[in-house]
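**Student:** Got a structure for you, questions after.
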Amino acid sequence: MRYAILGSGSTANSYVFEHDDFAFVVDNGFSLKEFSNRAQKAGFDISKIKLIFLTHKHADHARGIEKLSKELKVPVVMSRGLLLSKSETKKIYRRVNVEPGKEYNCEKISFSVLPVSHDCEGSVNYSFNFNGYIFTVITDTGKILEGMEKHAINADILFIEANYCPQMLADGPYPLYLKKRIESPLGHLSNDDVVKFLSRIYNLMQKKNKMTYLCHLSDTNNCYEKLKEIVRVNMPDTFKYRICRKSELVEGIDLFAIEAKVACT
């Protein structure tokens, strides 16, 4: 059971999961060549990929979806509300529509489709039950919605965006309209938003191998040090997390090893 964040941030985002002969991908903002290089570096066999899940159409999540789908001849799962032109539809191998708020069983995984609050039509997030482990991806949303909380609490592994530092955004070079868009309920989660949420639900996270990845840091409006400090001040020492630096390839923890360790204690 393996997973990795092939990269996250303002430029490109992608997550990959694999068990035995089955793998799937969530988003791909990389070129086909870069995706393949990163997957190979992390030890993944892309020929095992059977499904690609798309959260939304913004380029840093969708730029490489078409070529990856065509190259591997695998379908792309996306919200029915995500609009593609005829030419865009022809560029992917096959489209599979899903509905926000519903649960599905597909091949070797089951998954829930989570509504989000983002200014891109048809945006969704996902929570996967894969080989007995729950992986929840919460990204590109201006606020935490009720369904997200339930899935975050139940996850073995949580990926959640910490997009911007409010002070860096306020002092930064972006025009006012863009700053307002980012900090709006249809924008992104700030460091403060994420840590407040995690602090609130921390005691409800019962699973011993719980791990949280703080992802999608803005290239301009956030930095590792700012996020690390707010986590240090507000979260207990027992909180297990990893901050994913911009464009960093992060290989996942060994879930089986942790489970065995817990069983022996």
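Lettering and numbering for the structure tokens are positional, with chains as A, B, ... in the shown order, residues counted from 1 in each chain, and ligands counted from 1 in the shown order.
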Write down as a PDB file with N, CA, C and O atoms, in the first residue's frame the residues of region 12-47 of chain A whose backbone DSSP state falls under alpha helix (DSSP H).
**Tutor:**
ATOM      1  N   LEU A  32       3.111  15.244 -19.179  1.00  0.00           N
ATOM      2  CA  LEU A  32       3.202  13.791 -19.140  1.00  0.00           C
ATOM      3  C   LEU A  32       4.617  13.347 -18.776  1.00  0.00           C
ATOM      4  O   LEU A  32       4.805  12.428 -17.970  1.00  0.00           O
ATOM      5  N   LYS A  33       5.611  14.010 -19.345  1.00  0.00           N
ATOM      6  CA  LYS A  33       7.002  13.657 -19.066  1.00  0.00           C
ATOM      7  C   LYS A  33       7.355  13.896 -17.607  1.00  0.00           C
ATOM      8  O   LYS A  33       7.959  13.038 -16.953  1.00  0.00           O
ATOM      9  N   GLU A  34       6.951  15.047 -17.075  1.00  0.00           N
ATOM     10  CA  GLU A  34       7.278  15.359 -15.679  1.00  0.00           C
ATOM     11  C   GLU A  34       6.520  14.452 -14.716  1.00  0.00           C
ATOM     12  O   GLU A  34       7.076  13.988 -13.716  1.00  0.00           O
ATOM     13  N   PHE A  35       5.257  14.182 -15.019  1.00  0.00           N
ATOM     14  CA  PHE A  35       4.485  13.257 -14.186  1.00  0.00           C
ATOM     15  C   PHE A  35       5.168  11.889 -14.152  1.00  0.00           C
ATOM     16  O   PHE A  35       5.350  11.299 -13.085  1.00  0.00           O
ATOM     17  N   SER A  36       5.531  11.385 -15.323  1.00  0.00           N
ATOM     18  CA  SER A  36       6.169  10.071 -15.410  1.00  0.00           C
ATOM     19  C   SER A  36       7.490  10.043 -14.657  1.00  0.00           C
ATOM     20  O   SER A  36       7.795   9.069 -13.953  1.00  0.00           O
ATOM     21  N   ASN A  37       8.276  11.107 -14.786  1.00  0.00           N
ATOM     22  CA  ASN A  37       9.564  11.168 -14.091  1.00  0.00           C
ATOM     23  C   ASN A  37       9.383  11.161 -12.584  1.00  0.00           C
ATOM     24  O   ASN A  37      10.100  10.466 -11.852  1.00  0.00           O
ATOM     25  N   ARG A  38       8.430  11.931 -12.102  1.00  0.00           N
ATOM     26  CA  ARG A  38       8.198  12.006 -10.660  1.00  0.00           C
ATOM     27  C   ARG A  38       7.649  10.689 -10.119  1.00  0.00           C
ATOM     28  O   ARG A  38       8.049  10.231  -9.051  1.00  0.00           O
ATOM     29  N   ALA A  39       6.711  10.099 -10.848  1.00  0.00           N
ATOM     30  CA  ALA A  39       6.156   8.813 -10.421  1.00  0.00           C
ATOM     31  C   ALA A  39       7.240   7.748 -10.369  1.00  0.00           C
ATOM     32  O   ALA A  39       7.327   6.966  -9.413  1.00  0.00           O
ATOM     33  N   GLN A  40       8.082   7.715 -11.387  1.00  0.00           N
ATOM     34  CA  GLN A  40       9.165   6.729 -11.425  1.00  0.00           C
ATOM     35  C   GLN A  40      10.153   6.962 -10.288  1.00  0.00           C
ATOM     36  O   GLN A  40      10.619   6.002  -9.648  1.00  0.00           O
ATOM     37  N   LYS A  41      10.469   8.207 -10.021  1.00  0.00           N
ATOM     38  CA  LYS A  41      11.398   8.527  -8.937  1.00  0.00           C
ATOM     39  C   LYS A  41      10.860   8.042  -7.594  1.00  0.00           C
ATOM     40  O   LYS A  41      11.626   7.618  -6.713  1.00  0.00           O
TER      41      LYS A  41
END
**Student:** Quick one: residues within 6 Å of region 70-86 of chain A, only C-alpha atoms counted, chain neighbours fewer than 2 positions away excluded, as a ChimeraX atom specification?
**Tutor:** /A:50-54,67-68,88-89,92-99,121-122
**Student:** Between A:Leu114, A:Ile134, A:Val26, A:Leu145, which is the closest to Leu158 (chain A) once you count only C-alpha atoms?
**Tutor:**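 Between A:Leu114, A:Ile134, A:Val26, A:Leu145, the residue approaching Leu158 (chain A) most closely is A:Ile134.
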**Student:** Could you tell me, as an NGL selection string, which residues of region 139-208 of chain A DSSP assigns to strand (DSSP E) when given the backbone?
**Tutor:** :A and (157-161)
**Student:** What's the 12 Å shell around Glu107 (chain A), counting only C-alpha atoms, without same-chain residues fewer than 3 positions away, as a list in words?
**Tutor:**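 Neighbouring residues, sequence-local ones excluded: Asp21, Phe22, Ala23, Phe24, Ile49, Lys50, Leu51, Tyr104, Ser110, Phe111, Asn129, Phe130 and Asn131 of chain A.
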**Student:** Using Å and a single decimal, report how far CA of Val194 (chain A) sits from CA of Phe239 (chain A).
**Tutor:**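 That distance, rounded to one decimal, is 13.6 Å.
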**Student:** I want to know what sits within 6 Å of Asn125 (chain A), based on only C-alpha atoms, with residues of the same chain fewer than 2 positions away left out; could you give that as a VMD selection string?
**Tutor:** chain A and resid 55 113 to 114 138
**Student:** Here is a test: counting only C-alpha atoms, which residue of A:Leu227, A:Met235, A:Ile46, A:Met1 is nearest to Asn163 (chain A)?
**Tutor:**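 Residue with the minimum atom-to-atom distance to Asn163 (chain A): A:Leu227.
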**Student:** Of the residues A:Asp156, A:Glu183, A:Glu103, A:Asp192, which is the one nearest to Tyr241 (chain A), using only C-alpha atoms?
**Tutor:** A:Asp156
**Student:** So, counting only C-alpha atoms, which residue among A:Ile144, A:Ala170, A:His56, A:Pro175 is closest to Ser123 (chain A)?
**Tutor:**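 For Ser123 (chain A), the nearest of the given residues is A:His56.
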**Student:** Determine, counting only C-alpha atoms, which protein, DNA and RNA residues have an atom within 12 Å of an atom of Lys210 (chain A); residues of the same chain fewer than 6 positions away are not included. Present the result as a ChimeraX atom specification.
**Tutor:** /A:133-136,152-159,202-204,238-242,253-255,258-259,262
**Student:** Just N, CA, C and O atoms for this one: save the residues we selected as a CSV table (one decimal), in the first residue's frame.
**Tutor:**
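Writing the result to part.csv gives the following:
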chain,number,residue,atom,x,y,z
A,133,TYR,N,-7.9,1.4,3.9
A,133,TYR,CA,-7.4,2.7,4.4
A,133,TYR,C,-8.2,3.8,3.8
A,133,TYR,O,-8.6,3.8,2.6
A,134,ILE,N,-8.4,4.9,4.6
A,134,ILE,CA,-9.2,6.0,4.1
A,134,ILE,C,-8.3,7.2,3.9
A,134,ILE,O,-7.6,7.6,4.8
A,135,PHE,N,-8.3,7.7,2.6
A,135,PHE,CA,-7.5,8.9,2.2
A,135,PHE,C,-8.5,10.0,1.8
A,135,PHE,O,-9.3,9.8,1.0
A,136,THR,N,-8.3,11.1,2.4
A,136,THR,CA,-9.2,12.3,2.2
A,136,THR,C,-8.4,13.4,1.6
A,136,THR,O,-7.4,13.8,2.2
A,152,ALA,N,-12.6,14.1,7.1
A,152,ALA,CA,-11.3,14.4,7.7
A,152,ALA,C,-11.1,13.7,9.0
A,152,ALA,O,-10.0,13.1,9.3
A,153,ILE,N,-12.1,13.6,9.8
A,153,ILE,CA,-12.1,12.9,11.1
A,153,ILE,C,-11.8,11.4,10.9
A,153,ILE,O,-11.1,10.8,11.7
A,154,ASN,N,-12.5,10.8,9.9
A,154,ASN,CA,-12.4,9.4,9.7
A,154,ASN,C,-11.2,8.9,8.9
A,154,ASN,O,-10.9,7.7,8.9
A,155,ALA,N,-10.4,9.9,8.3
A,155,ALA,CA,-9.3,9.5,7.4
A,155,ALA,C,-8.2,8.9,8.2
A,155,ALA,O,-7.8,9.3,9.3
A,156,ASP,N,-7.5,7.9,7.6
A,156,ASP,CA,-6.2,7.5,8.0
A,156,ASP,C,-5.1,8.5,7.6
A,156,ASP,O,-4.2,8.8,8.3
A,157,ILE,N,-5.3,9.0,6.4
A,157,ILE,CA,-4.4,10.0,5.8
A,157,ILE,C,-5.2,11.2,5.3
A,157,ILE,O,-6.1,11.0,4.5
A,158,LEU,N,-4.9,12.4,5.7
A,158,LEU,CA,-5.6,13.6,5.3
A,158,LEU,C,-4.6,14.5,4.5
A,158,LEU,O,-3.5,14.8,5.0
A,159,PHE,N,-5.0,14.9,3.4
A,159,PHE,CA,-4.3,15.9,2.6
A,159,PHE,C,-5.2,17.1,2.6
A,159,PHE,O,-6.3,17.1,2.1
A,202,TYR,N,-9.1,17.7,16.3
A,202,TYR,CA,-8.0,16.8,16.6
A,202,TYR,C,-8.4,15.7,17.6
A,202,TYR,O,-8.0,14.5,17.4
A,203,ASN,N,-9.1,16.0,18.6
A,203,ASN,CA,-9.4,15.0,19.6
A,203,ASN,C,-10.4,13.9,19.1
A,203,ASN,O,-10.6,12.9,19.7
A,204,LEU,N,-11.0,14.2,17.9
A,204,LEU,CA,-12.0,13.3,17.3
A,204,LEU,C,-11.3,12.3,16.4
A,204,LEU,O,-11.8,11.3,15.9
A,238,THR,N,1.7,15.8,19.8
A,238,THR,CA,1.3,14.4,19.3
A,238,THR,C,0.7,14.5,17.9
A,238,THR,O,0.5,13.5,17.3
A,239,PHE,N,0.5,15.7,17.4
A,239,PHE,CA,-0.1,15.9,16.1
A,239,PHE,C,0.9,15.5,15.0
A,239,PHE,O,2.0,16.0,15.0
A,240,LYS,N,0.6,14.5,14.2
A,240,LYS,CA,1.5,14.0,13.2
A,240,LYS,C,1.2,14.7,11.8
A,240,LYS,O,0.1,14.5,11.3
A,241,TYR,N,2.2,15.4,11.3
A,241,TYR,CA,1.9,16.1,10.1
A,241,TYR,C,3.2,16.3,9.3
A,241,TYR,O,4.3,16.1,9.8
A,242,ARG,N,3.0,16.7,8.0
A,242,ARG,CA,4.1,17.0,7.1
A,242,ARG,C,3.7,18.2,6.3
A,242,ARG,O,2.6,18.2,5.7
A,253,ILE,N,4.1,7.7,4.1
A,253,ILE,CA,4.5,6.8,5.2
A,253,ILE,C,4.1,5.3,4.9
A,253,ILE,O,3.2,5.1,4.1
A,254,ASP,N,4.8,4.4,5.5
A,254,ASP,CA,4.5,3.0,5.4
A,254,ASP,C,3.4,2.6,6.3
A,254,ASP,O,3.6,2.5,7.5
A,255,LEU,N,2.2,2.5,5.8
A,255,LEU,CA,1.0,2.3,6.6
A,255,LEU,C,1.1,0.9,7.3
A,255,LEU,O,0.7,0.8,8.5
A,258,ILE,N,3.4,1.0,10.4
A,258,ILE,CA,2.9,1.7,11.5
A,258,ILE,C,1.8,0.9,12.2
A,258,ILE,O,1.7,0.8,13.4
A,259,GLU,N,1.0,0.2,11.4
A,259,GLU,CA,-0.1,-0.7,11.9
A,259,GLU,C,0.5,-1.8,12.7
A,259,GLU,O,0.1,-2.1,13.8
A,262,VAL,N,1.9,-0.4,16.1
A,262,VAL,CA,0.8,-0.1,17.0
A,262,VAL,C,0.3,-1.4,17.7
A,262,VAL,O,0.0,-1.5,18.8
**Student:** One decimal, in Å: what's the spacing between CA of Ile5 (chain A) and CA of Tyr213 (chain A)?
**Tutor:** 9.1 Å
